[in-house]
file my_file-v7.txt (compact mmCIF, C-alpha atoms)
# COMPACT_ATOMS: atom_id res chain seq x y z
CA MET A 18 55.76 69.90 49.56
CA PRO A 19 53.44 68.02 47.22
CA GLU A 20 53.99 64.34 47.39
CA LEU A 21 53.86 62.36 44.17
CA ALA A 22 51.05 59.83 44.64
CA TYR A 23 51.03 58.45 41.11
CA SER A 24 53.22 58.99 38.08
CA ALA A 25 52.33 57.73 34.63
CA ASN A 26 55.97 57.92 33.56
CA ARG A 27 57.11 55.89 36.53
CA HIS A 28 54.38 53.37 35.83
CA ARG A 29 55.42 53.18 32.17
CA GLN A 30 58.96 52.45 33.29
CA GLU A 31 57.73 49.63 35.54
CA LEU A 32 55.78 48.13 32.67
CA THR A 33 58.84 47.91 30.47
CA GLU A 34 60.15 45.29 32.87
CA ALA A 35 56.91 43.30 33.03
CA SER A 36 56.43 40.07 31.10
CA ASP A 37 53.84 39.83 28.33
CA LYS A 38 51.62 37.86 30.66
CA GLU A 39 51.90 40.52 33.37
CA LEU A 40 50.95 43.17 30.82
CA LEU A 41 47.83 41.25 29.84
CA LEU A 42 46.89 40.80 33.49
CA ALA A 43 47.40 44.52 34.09
CA MET A 44 45.19 45.19 31.07
CA GLN A 45 42.51 43.07 32.68
CA GLU A 46 42.60 45.58 35.53
CA GLY A 47 42.01 48.35 33.00
CA ASP A 48 45.61 49.51 32.73
CA GLU A 49 45.81 51.34 29.41
CA LEU A 50 49.53 51.98 29.72
CA ALA A 51 50.02 48.22 29.72
CA LEU A 52 48.28 48.14 26.34
CA ASP A 53 50.66 50.83 25.08
CA GLU A 54 53.62 48.75 26.21
CA LEU A 55 52.22 45.63 24.57
CA ILE A 56 51.70 47.53 21.32
CA GLY A 57 55.34 48.59 21.48
CA ARG A 58 56.46 44.99 21.81
CA LYS A 59 54.15 43.27 19.36
CA THR A 60 53.73 45.71 16.48
CA GLY A 61 56.90 44.59 14.70
CA PRO A 62 56.38 40.81 14.85
CA LEU A 63 52.67 41.07 14.08
CA VAL A 64 53.13 43.36 11.09
CA GLN A 65 55.81 40.98 9.85
CA LEU A 66 53.48 38.01 10.14
CA ALA A 67 50.51 39.78 8.54
CA TYR A 68 52.70 41.09 5.74
CA ARG A 69 53.89 37.58 4.97
CA ILE A 70 50.31 36.35 4.85
CA LEU A 71 48.88 39.26 2.90
CA GLY A 72 51.84 40.54 0.91
CA ASP A 73 50.72 44.12 1.35
CA TYR A 74 52.18 46.40 3.98
CA GLU A 75 49.19 48.70 4.40
CA GLU A 76 46.76 45.82 4.67
CA ALA A 77 49.10 44.16 7.15
CA ARG A 78 49.09 47.26 9.33
CA ASP A 79 45.30 47.43 9.20
CA VAL A 80 45.05 43.83 10.33
CA VAL A 81 47.49 44.44 13.18
CA GLN A 82 45.54 47.49 14.35
CA VAL A 83 42.40 45.45 14.63
CA THR A 84 44.34 42.60 16.25
CA LEU A 85 45.63 44.84 19.03
CA PHE A 86 42.22 46.40 19.46
CA ARG A 87 40.71 42.93 19.79
CA VAL A 88 43.36 42.02 22.33
CA TRP A 89 42.19 44.96 24.45
CA GLU A 90 38.50 44.32 23.94
CA ASN A 91 38.85 40.64 24.82
CA ARG A 92 41.45 40.99 27.54
CA ASP A 93 39.12 39.47 30.10
CA LYS A 94 39.10 36.26 28.10
CA PHE A 95 42.84 35.77 28.37
CA ASN A 96 43.65 32.86 30.62
CA PRO A 97 46.96 33.23 32.52
CA ARG A 98 47.68 29.57 31.78
CA TRP A 99 47.94 30.38 28.09
CA SER A 100 51.00 31.65 26.29
CA PRO A 101 50.44 35.35 25.46
CA ASN A 102 52.14 34.95 22.08
CA THR A 103 49.96 32.01 21.20
CA TRP A 104 46.82 33.92 22.06
CA ILE A 105 47.81 37.08 20.22
CA TYR A 106 49.13 35.23 17.14
CA ARG A 107 45.92 33.30 16.96
CA ILE A 108 43.83 36.47 16.87
CA ALA A 109 46.14 37.96 14.23
CA ASN A 110 46.09 34.78 12.19
CA ASN A 111 42.30 34.59 12.19
CA LEU A 112 41.95 38.23 11.16
CA ALA A 113 44.56 37.90 8.43
CA ILE A 114 42.84 34.81 7.05
CA ASP A 115 39.47 36.60 7.11
CA HIS A 116 41.07 39.48 5.25
CA LEU A 117 42.58 37.11 2.74
CA ARG A 118 39.23 35.46 2.12
CA SER A 119 37.53 38.77 1.47
CA ARG A 120 40.34 39.75 -0.84
CA LYS A 121 40.16 36.46 -2.69
CA SER A 122 36.54 37.08 -3.42
CA ARG A 123 37.58 40.37 -5.01
CA GLU A 124 40.52 39.01 -6.93
CA LYS A 125 39.62 35.86 -8.73
CA THR A 126 43.03 35.22 -10.19
CA HIS A 127 46.71 35.91 -9.76
CA GLU A 128 47.18 35.96 -13.51
CA PRO A 129 48.34 39.59 -13.63
CA VAL A 130 51.21 38.75 -11.27
CA ARG A 131 52.09 35.74 -13.36
CA GLN A 132 52.13 37.82 -16.54
CA HIS A 133 54.28 40.47 -14.93
CA LEU A 134 56.81 37.89 -13.80
CA ARG A 135 56.79 36.33 -17.25
CA GLN A 136 57.62 39.70 -18.78
CA VAL A 137 60.38 40.27 -16.27
CA ALA A 138 61.77 36.82 -16.98
CA ASP A 139 61.55 37.21 -20.72
CA SER A 140 63.29 40.52 -20.65
CA ARG A 141 66.34 39.12 -18.93
CA ASP A 142 68.73 36.31 -19.39
CA ARG A 143 67.89 33.03 -17.80
CA ARG A 144 68.42 33.35 -14.08
CA SER A 145 68.37 30.96 -11.18
CA LEU A 146 66.52 31.07 -7.89
CA THR A 147 69.71 32.25 -6.26
CA GLU A 148 69.65 35.48 -8.28
CA LEU A 149 66.08 36.60 -7.65
CA HIS A 150 65.47 39.93 -6.00
CA ASP A 151 63.64 39.90 -2.69
CA ASP A 152 60.52 41.51 -4.10
CA GLU A 153 60.39 38.90 -6.86
CA VAL A 154 60.66 36.16 -4.24
CA MET A 155 57.75 37.77 -2.43
CA GLU A 156 55.64 37.90 -5.58
CA ILE A 157 56.33 34.29 -6.41
CA PHE A 158 55.53 33.28 -2.85
CA GLN A 159 52.24 35.15 -2.95
CA GLU A 160 51.24 33.36 -6.10
CA LEU A 161 52.29 29.88 -5.03
CA ALA A 162 51.08 30.19 -1.46
CA ALA A 163 47.60 30.81 -2.81
CA GLU A 164 47.64 27.13 -3.74
CA LEU A 165 48.17 26.09 -0.13
CA THR A 166 45.37 25.55 2.31
CA GLU A 167 45.08 28.17 5.03
CA LYS A 168 46.59 25.85 7.62
CA GLN A 169 49.44 24.81 5.34
CA ARG A 170 50.20 28.43 4.60
CA MET A 171 50.21 29.43 8.26
CA VAL A 172 52.29 26.46 9.30
CA PHE A 173 54.85 27.12 6.57
CA MET A 174 55.00 30.78 7.52
CA LEU A 175 55.31 30.35 11.26
CA ARG A 176 57.60 27.34 11.16
CA GLU A 177 59.86 28.01 8.18
CA ILE A 178 60.01 31.77 8.06
CA GLU A 179 59.29 33.01 11.57
CA GLY A 180 61.22 30.13 13.12
CA LEU A 181 58.63 29.01 15.69
CA SER A 182 58.87 25.44 16.97
CA SER A 183 56.26 22.85 15.95
CA LYS A 184 54.87 23.02 19.48
CA GLU A 185 54.45 26.80 19.35
CA VAL A 186 52.88 26.62 15.91
CA GLY A 187 50.48 23.93 17.14
CA GLU A 188 49.46 26.12 20.07
CA ALA A 189 49.00 29.17 17.85
CA LEU A 190 46.85 27.29 15.36
CA GLY A 191 45.08 25.05 17.81
CA CYS A 192 46.31 21.73 16.42
CA ARG A 193 48.65 18.90 17.40
CA GLU A 194 52.37 18.84 16.65
CA SER A 195 51.92 15.85 14.37
CA THR A 196 49.34 17.82 12.40
CA VAL A 197 51.76 20.71 12.15
CA ARG A 198 54.45 18.41 10.75
CA ASN A 199 51.98 16.96 8.30
CA HIS A 200 50.90 20.39 7.05
CA LEU A 201 54.51 21.45 6.79
CA PHE A 202 55.48 18.41 4.75
CA ASN A 203 52.62 18.95 2.30
CA ALA A 204 53.29 22.67 2.05
CA ARG A 205 56.95 22.13 1.18
CA LYS A 206 56.08 19.44 -1.33
CA LEU A 207 53.57 21.64 -3.11
CA LEU A 208 55.83 24.70 -3.13
CA ARG A 209 58.77 22.72 -4.53
CA ARG A 210 56.64 21.23 -7.25
CA GLU A 211 55.02 24.52 -8.20
CA VAL A 212 58.26 26.49 -8.29
CA VAL A 213 59.63 24.04 -10.83
CA ARG A 214 56.42 23.76 -12.79
CA ARG A 215 55.54 27.42 -13.03
CA TYR A 216 58.97 28.94 -13.05
CA PRO A 217 61.28 26.52 -14.82
CA GLU A 218 63.42 29.49 -15.80
CA TYR A 219 64.16 30.07 -12.13
CA ALA A 220 64.39 26.47 -11.04
CA PRO A 221 67.71 24.78 -10.35
CA ALA A 222 69.01 22.77 -13.28
CA ASP A 223 68.20 19.29 -12.01
CA ALA A 224 65.19 20.14 -9.86
CA GLY A 225 62.73 19.42 -12.66
CA GLU A 226 63.95 15.88 -13.00
CA GLU A 227 64.11 15.41 -9.28
CA LEU A 228 60.60 16.55 -8.61
CA ALA A 229 58.81 15.42 -11.74
CA MET B 15 75.57 16.55 -3.22
CA SER B 16 78.10 18.73 -1.44
CA CYS B 17 79.94 21.93 -2.05
CA ARG B 18 83.68 21.54 -2.61
CA GLU B 19 84.54 23.92 0.16
CA HIS B 20 82.10 22.28 2.57
CA PRO B 21 82.14 18.60 1.65
CA HIS B 22 80.69 17.49 4.97
CA THR B 23 77.29 19.01 4.13
CA ASP B 24 75.21 16.76 1.91
CA TRP B 25 72.24 18.97 1.10
CA ARG B 26 70.09 16.27 -0.43
CA ALA B 27 70.53 14.00 2.58
CA LEU B 28 69.87 16.88 4.97
CA VAL B 29 66.62 17.82 3.21
CA ALA B 30 65.50 14.17 3.14
CA ARG B 31 66.15 13.78 6.88
CA ARG B 32 64.26 16.99 7.54
CA ASP B 33 61.26 15.82 5.53
CA GLU B 34 61.23 12.49 7.31
CA SER B 35 61.32 13.80 10.86
CA GLY B 36 59.47 17.06 10.41
CA GLU B 37 62.15 18.75 12.53
CA ASN B 38 65.49 20.27 11.63
CA PRO B 39 68.12 17.52 11.70
CA ALA B 40 71.54 17.84 13.31
CA GLY B 41 73.76 20.10 11.23
CA TRP B 42 70.82 21.92 9.65
CA ASP B 43 71.31 25.24 11.43
CA GLU B 44 75.02 25.26 10.66
CA ALA B 45 74.34 24.49 7.01
CA MET B 46 71.71 27.23 6.81
CA SER B 47 74.07 29.75 8.31
CA ARG B 48 76.33 29.17 5.29
CA ILE B 49 73.66 29.38 2.66
CA ASP B 50 73.98 33.12 2.16
CA ALA B 51 77.74 33.19 2.36
CA CYS B 52 78.65 30.35 0.00
CA GLY B 53 77.33 30.51 -3.55
CA ASP B 54 77.83 26.79 -4.19
CA CYS B 55 76.03 25.84 -0.98
CA ARG B 56 73.15 28.10 -1.92
CA ARG B 57 72.84 26.57 -5.38
CA LEU B 58 72.98 23.03 -4.03
CA ALA B 59 70.51 23.80 -1.25
CA LEU B 60 67.99 25.19 -3.73
CA MET B 61 68.49 22.16 -5.97
CA ALA B 62 67.66 19.92 -3.06
CA ASP B 63 64.72 22.05 -1.92
CA PRO B 64 63.56 24.96 -4.10
CA SER B 65 61.18 26.09 -1.36
CA LEU B 66 64.22 27.26 0.60
CA VAL B 67 64.22 30.33 -1.62
CA PHE B 68 61.35 31.62 0.49
CA ARG B 69 63.67 32.06 3.43
CA ARG B 70 64.50 35.30 1.68
CA LEU B 71 61.06 36.80 1.94
CA PRO B 72 61.68 40.48 2.65
CA ARG B 73 61.43 41.62 6.23
CA VAL B 74 59.41 44.64 7.19
CA GLU B 75 61.25 47.06 9.42
CA THR B 76 59.12 48.82 12.02
CA GLY B 77 60.51 51.81 13.87
CA ALA B 78 59.43 53.93 16.81
CA ALA B 79 57.25 56.10 14.55
CA ASP B 80 55.38 53.02 13.32
CA VAL B 81 54.78 51.88 16.87
CA GLU B 82 53.51 55.31 17.90
CA SER B 83 51.17 55.50 14.94
CA MET B 84 49.92 52.01 15.81
CA ARG B 85 49.19 53.19 19.38
CA GLN B 86 47.21 56.11 18.02
CA ALA B 87 45.35 53.91 15.57
CA VAL B 88 44.36 51.46 18.30
CA ALA B 89 43.32 54.35 20.55
CA SER B 90 41.15 55.68 17.71
CA LEU B 91 39.49 52.31 17.29
CA ARG B 92 38.77 52.23 21.00
CA ARG B 93 37.32 55.73 20.94
CA ALA B 94 35.20 54.88 17.91
CA SER B 95 33.99 51.78 19.69
CA ARG B 96 32.95 53.78 22.76
CA VAL B 97 31.21 56.44 20.69
CA THR B 98 29.34 53.79 18.75
CA ALA B 99 28.23 52.17 21.96
CA VAL B 100 26.86 55.50 23.17
CA ASP B 101 25.26 56.30 19.83
CA GLU B 102 23.50 52.99 19.77
CA GLY B 103 22.14 53.78 23.20
CA GLY B 104 23.07 50.38 24.43
CA PRO B 105 25.72 49.02 26.63
CA GLY B 106 28.64 46.99 25.60
CA ARG B 107 29.74 46.19 22.12
CA GLY B 108 31.55 48.57 19.88
CA VAL B 109 32.35 48.51 16.20
CA GLU B 110 35.26 46.17 16.30
CA SER B 111 34.11 43.93 19.05
CA GLY B 112 31.04 42.99 17.16
CA GLY B 113 32.60 39.90 15.64
CA ALA B 114 32.83 36.37 16.85
CA GLU B 115 34.36 37.38 20.13
CA SER B 116 32.43 39.11 22.84
CA GLY B 117 33.08 42.60 24.11
CA GLY B 118 34.45 41.62 27.51
CA ALA B 119 33.23 41.38 31.05
CA GLY B 120 29.95 42.61 32.28
CA SER B 121 31.78 45.18 34.34
CA ARG B 122 32.49 47.13 31.15
CA ARG B 123 28.90 47.13 29.99
CA GLY B 124 27.63 50.65 29.55
CA ASP B 125 31.14 51.96 29.93
CA GLY B 126 30.65 54.59 27.29
CA LEU B 127 27.50 55.98 28.82
CA ARG B 128 29.03 56.01 32.26
CA ARG B 129 32.06 57.86 30.97
CA VAL B 130 30.00 60.53 29.30
CA ALA B 131 27.85 60.92 32.40
CA ALA B 132 30.96 61.08 34.54
CA ALA B 133 32.53 63.69 32.28
CA ILE B 134 29.39 65.85 32.45
CA LEU B 135 29.24 65.43 36.20
CA LEU B 136 32.86 66.38 36.70
CA ALA B 137 32.62 69.29 34.30
CA ALA B 138 29.66 70.62 36.26
CA ALA B 139 31.42 70.02 39.55
CA GLY B 140 34.58 71.71 38.33
CA LEU B 141 32.65 74.72 37.08
CA ALA B 142 30.76 74.96 40.32
CA ALA B 143 33.95 74.79 42.33
CA TRP B 144 35.56 77.43 40.19
CA LEU B 145 32.56 79.76 40.50
CA ALA B 146 32.39 79.26 44.22
CA GLY B 147 36.02 80.25 44.68
CA PRO B 148 37.64 79.83 48.08
CA ALA B 149 34.36 78.82 49.64
CA VAL B 150 34.77 75.44 48.05
CA LEU B 151 37.71 74.72 50.26
CA ASP B 152 35.79 75.61 53.36
CA PRO B 153 34.94 72.44 55.23
CA ALA B 154 32.11 74.30 56.89
CA ASN B 155 30.34 74.59 53.60
CA THR B 156 28.48 71.33 53.84
CA ASP B 157 25.23 71.68 52.04
CA PRO B 158 24.31 68.00 51.59
CA ALA B 159 22.39 68.74 48.41
CA ALA B 160 25.49 69.89 46.70
CA ILE B 161 27.88 67.11 47.53
CA VAL B 162 29.45 64.45 45.41
CA THR B 163 29.97 61.37 47.49
CA THR B 164 33.17 59.51 48.02
CA ALA B 165 31.99 56.47 46.10
CA GLU B 166 30.81 58.59 43.23
CA LEU B 167 34.12 60.37 42.98
CA GLY B 168 35.90 57.06 43.04
CA ALA B 169 33.69 55.83 40.23
CA VAL B 170 34.31 58.99 38.27
CA ALA B 171 38.04 58.67 38.73
CA ALA B 172 37.98 55.10 37.52
CA SER B 173 35.72 55.77 34.57
CA SER B 174 37.77 58.73 33.42
CA GLY B 175 40.81 56.59 32.91
CA PHE B 176 42.61 57.16 36.19
CA THR B 177 44.31 53.89 36.97
CA GLY B 178 46.55 54.87 39.85
CA GLU B 179 45.93 53.84 43.39
CA LEU B 180 44.57 56.65 45.47
CA PRO B 181 46.04 57.05 48.91
CA SER B 182 43.85 55.93 51.76
CA GLY B 183 41.30 58.48 52.84
CA MET B 184 41.63 60.26 49.55
CA ALA B 185 38.20 60.15 48.06
CA PRO B 186 36.49 62.93 49.87
CA PRO B 187 33.43 64.92 48.92
CA LEU B 188 33.39 67.94 46.70
CA THR B 189 31.26 70.76 48.03
CA SER B 190 29.57 73.46 46.10
CA ASP B 191 26.83 76.05 46.38
CA LEU B 192 25.25 74.55 43.28
CA ALA B 193 23.12 71.47 43.35
CA ILE B 194 24.47 68.82 41.01
CA GLY B 195 21.50 66.95 39.68
CA SER B 196 20.66 63.80 41.46
CA VAL B 197 24.14 63.28 42.76
CA THR B 198 23.65 64.10 46.40
CA SER B 199 25.15 62.89 49.57
CA ARG B 200 23.67 61.06 52.46
CA LEU B 201 26.61 61.96 54.65
CA SER B 202 26.09 63.91 57.82
CA ALA B 203 27.43 67.39 58.30
CA GLU B 204 29.92 66.03 60.86
CA ASP B 205 31.24 63.59 58.33
CA LEU B 206 31.66 66.30 55.79
CA ALA B 207 33.35 68.71 58.12
CA SER B 208 35.92 66.10 59.04
CA ARG B 209 36.82 65.27 55.46
CA PRO B 210 39.16 67.18 53.20
CA VAL B 211 38.08 68.67 49.91
CA PHE B 212 39.11 66.96 46.75
CA GLU B 213 38.95 68.68 43.40
CA GLY B 214 38.94 67.24 39.95
CA LEU B 215 39.82 63.82 38.70
CA SER B 216 38.28 64.35 35.33
CA GLN B 217 41.44 64.40 33.33
CA PRO B 218 41.63 61.32 31.15
CA SER B 219 45.14 62.21 30.11
CA ALA B 220 46.33 62.79 33.65
CA ALA B 221 49.94 61.79 33.94
CA ASP B 222 50.84 62.57 37.55
CA VAL B 223 48.85 62.83 40.73
CA TYR B 224 50.24 64.89 43.58
CA GLN B 225 48.83 65.34 47.04
CA VAL B 226 49.62 67.83 49.71
CA GLY B 227 48.12 68.62 53.09
CA GLU B 228 47.07 67.12 56.36
CA GLU B 229 43.95 65.50 57.64
CA ASP B 230 41.96 68.72 57.69
CA LEU B 231 42.88 69.80 54.17
CA LEU B 232 44.13 67.42 51.56
CA VAL B 233 44.75 68.89 48.12
CA VAL B 234 45.24 66.54 45.21
CA MET B 235 46.55 67.78 41.87
CA VAL B 236 45.95 65.73 38.77
CA VAL B 237 48.45 66.98 36.23
CA ASP B 238 48.04 66.47 32.52
CA GLU B 239 51.29 65.30 30.99
CA THR B 240 51.07 68.00 28.34
CA LEU B 241 51.33 70.65 31.07
CA ASP B 242 54.96 71.52 31.47
CA ILE B 243 55.58 72.42 35.10

call {"tool": "encode", "arguments": {"input": "my_file-v7.txt", "output": "structure tokens"}}
result
Amino acid sequence: MPELAYSANRHRQELTEASDKELLLAMQEGDELALDELIGRKTGPLVQLAYRILGDYEEARDVVQVTLFRVWENRDKFNPRWSPNTWIYRIANNLAIDHLRSRKSREKTHEPVRQHLRQVADSRDRRSLTELHDDEVMEIFQELAAELTEKQRMVFMLREIEGLSSKEVGEALGCRESTVRNHLFNARKLLRREVVRRYPEYAPADAGEELA
Amino acid sequence: MSCREHPHTDWRALVARRDESGENPAGWDEAMSRIDACGDCRRLALMADPSLVFRRLPRVETGAADVESMRQAVASLRRASRVTAVDEGGPGRGVESGGAESGGAGSRRGDGLRRVAAAILLAAAGLAAWLAGPAVLDPANTDPAAIVTTAELGAVAASSGFTGELPSGMAPPLTSDLAIGSVTSRLSAEDLASRPVFEGLSQPSAADVYQVGEEDLLVVMVVDETLDI
């Protein structure tokens, strides 16, 4: 009777129980199935993150593809003392920022978005922030977040929206917790001010006075 | 600044404490859990901090199909990288690895070239074995000029994507009536006669590896996962 010496399916099953760190270490040994497993785990969160940065699903997917490819190509550089998430998020963040920069050089202004939102607002009764549709929230965020520095934007995204702790954000961005808190404070301040200034029709009734 | 139904939550004070400390204050999570359920709480929260509206940024749902297409896309990038490395006639860096980060350890340098060479070698060996028929399995057929060595087969197996651990003693020579380029053995005829014949490890998509036999004849089957048996 033939004896099963190696089974890819059995190996895949074993990998589902491995930690992220174990997958990266297996990848360092050339294990391509470990890469497949890692892709299965990280595609969702990474696409989410890139989409929040870029505001475009297709571009987000492109960035994540290259991120995961880079993870494979640079697997030998991963240090087991590092947090896998930190390392992978950092690669994704850098690529997304690069992508954003190249896009910014193509699009000099967000004025078309602004005009579109104006038209939408004019065509309806006065509404509050609580009544905005999700896609409108996304458009407003894209416009206002362009005013943030790259670090402020990333900190706001990872901390406020993805729910990472200040420590995790600091590790992902390569800065101290106090710096993270500082970026976060400034990001919130700017976003609050700009929401009220640019979209008074959406702003809460007393927010203008509060933040003026 | 509190909702009538939830008077214990002062949104303005909560936001101020959060700004001061940089961390979520006590009661924050509980208050946030109510923000979508209670209209008054939501209104008051946004009055205190309009940036809270961005909590509602739409989420992207990714399903199994998205993950599978991502796997294929990454595999394509890797293939393109290898092809580029071969086309450029140099070892190492592919398309995507050409950025700020290096292409990996020195052990992977020239990977693409080695893989192509290995594929050609194995294809030739496989063809030779097939043409030779049963004679291939004859341990007495030990023409040293036509033998792929143990180490070479091991290297071929590794370079063709086989990542499983081969059982001990399972990297024997492949014999053939045809000479296979410069790949020749320095093993003695006695060595060869005592080793089993091992055919084919050139299947990059091999899913299962079976072995059968004893010391004098060990047969290993590398089965592609697309082959339904």

call {"tool": "atom_distance", "arguments": {"input": "my_file-v7.txt", "atom1": "CA of Leu42 (chain A)", "atom2": "CA of Ala189 (chain A)"}}
result
19.6 Å

call {"tool": "closest_atom_pairs", "arguments": {"input": "my_file-v7.txt", "of": "chain A", "to": "chain B", "cutoff": "8 Å", "atoms": "all atoms listed in the file", "output": "Markdown table"}}
result
| residue | atom | partner | partner_atom | distance |
| --- | --- | --- | --- | --- |
| A:Met18 | CA | B:Val226 | CA | 6.5 |
| A:Pro19 | CA | B:Val226 | CA | 4.6 |
| A:Glu20 | CA | B:Gln225 | CA | 5.3 |
| A:Leu21 | CA | B:Tyr224 | CA | 4.5 |
| A:Ala22 | CA | B:Tyr224 | CA | 5.2 |
| A:Tyr23 | CA | B:Val223 | CA | 4.9 |
| A:Ser24 | CA | B:Asp222 | CA | 4.3 |
| A:Ala25 | CA | B:Ala221 | CA | 4.8 |
| A:Asn26 | CA | B:Ala221 | CA | 7.2 |
| A:Gly47 | CA | B:Thr177 | CA | 7.2 |
| A:Asp48 | CA | B:Thr177 | CA | 6.2 |
| A:Asp53 | CA | B:Arg85 | CA | 6.3 |
| A:Ile56 | CA | B:Arg85 | CA | 6.5 |
| A:Gly57 | CA | B:Val81 | CA | 5.7 |
| A:Thr60 | CA | B:Val81 | CA | 6.3 |
| A:Gly61 | CA | B:Thr76 | CA | 5.5 |
| A:Val64 | CA | B:Val74 | CA | 7.5 |
| A:Gln65 | CA | B:Val74 | CA | 5.8 |
| A:Tyr68 | CA | B:Val74 | CA | 7.7 |
| A:Arg69 | CA | B:Leu71 | CA | 7.8 |
| A:Gln82 | CA | B:Val88 | CA | 5.7 |
| A:Val83 | CA | B:Val88 | CA | 7.3 |
| A:Leu85 | CA | B:Val88 | CA | 6.8 |
| A:Phe86 | CA | B:Val88 | CA | 5.6 |
| A:Arg87 | CA | B:Ser111 | CA | 6.7 |
| A:Glu90 | CA | B:Gly117 | CA | 5.7 |
| A:Asn91 | CA | B:Gly118 | CA | 5.2 |
| A:Arg92 | CA | B:Gly118 | CA | 7.0 |
| A:Asp93 | CA | B:Gly118 | CA | 5.8 |
| A:Lys94 | CA | B:Gly118 | CA | 7.1 |
| A:Leu146 | CA | B:Val67 | CA | 6.7 |
| A:Thr147 | CA | B:Arg57 | CA | 6.5 |
| A:Asp151 | CA | B:Pro72 | CA | 5.7 |
| A:Asp152 | CA | B:Pro72 | CA | 6.9 |
| A:Val154 | CA | B:Leu71 | CA | 6.2 |
| A:Met155 | CA | B:Leu71 | CA | 5.6 |
| A:Phe158 | CA | B:Phe68 | CA | 6.9 |
| A:Glu177 | CA | B:Arg69 | CA | 7.3 |
| A:Ile178 | CA | B:Arg69 | CA | 5.9 |
| A:Ser183 | CA | B:Glu37 | CA | 7.9 |
| A:Arg198 | CA | B:Gly36 | CA | 5.2 |
| A:Asn199 | CA | B:Gly36 | CA | 7.8 |
| A:Leu201 | CA | B:Gly36 | CA | 7.5 |
| A:Phe202 | CA | B:Asp33 | CA | 6.4 |
| A:Arg205 | CA | B:Ser65 | CA | 6.3 |
| A:Leu208 | CA | B:Ser65 | CA | 5.8 |
| A:Arg209 | CA | B:Ser65 | CA | 5.2 |
| A:Val212 | CA | B:Pro64 | CA | 6.9 |
| A:Val213 | CA | B:Pro64 | CA | 7.8 |
| A:Ala220 | CA | B:Pro64 | CA | 7.2 |
| A:Pro221 | CA | B:Met61 | CA | 5.2 |
| A:Ala222 | CA | B:Met61 | CA | 7.4 |
| A:Asp223 | CA | B:Met61 | CA | 6.7 |
| A:Ala224 | CA | B:Met61 | CA | 5.5 |

call {"tool": "atom_distance", "arguments": {"input": "my_file-v7.txt", "atom1": "CA of Gly41 (chain B)", "atom2": "CA of Val29 (chain B)"}}
result
11.0 Å

call {"tool": "residues_around", "arguments": {"input": "my_file-v7.txt", "residues": "region 96-104 of chain A", "least_positions_apart": "2", "cutoff": "12 Å", "atoms": "all atoms listed in the file", "output": "count of residues only"}}
result
40

call {"tool": "atom_distance", "arguments": {"input": "my_file-v7.txt", "atom1": "CA of Asp54 (chain B)", "atom2": "CA of Ile157 (chain A)"}}
result
22.9 Å

call {"tool": "axis_aligned_box", "arguments": {"input": "my_file-v7.txt", "around": "region 171-190 of chain A", "padding_each_side": "8 Å", "output": "lines of an AutoDock Vina configuration file"}}
result
center_x = 54.0
center_y = 27.9
center_z = 13.3
size_x = 30.4
size_y = 26.2
size_z = 29.5
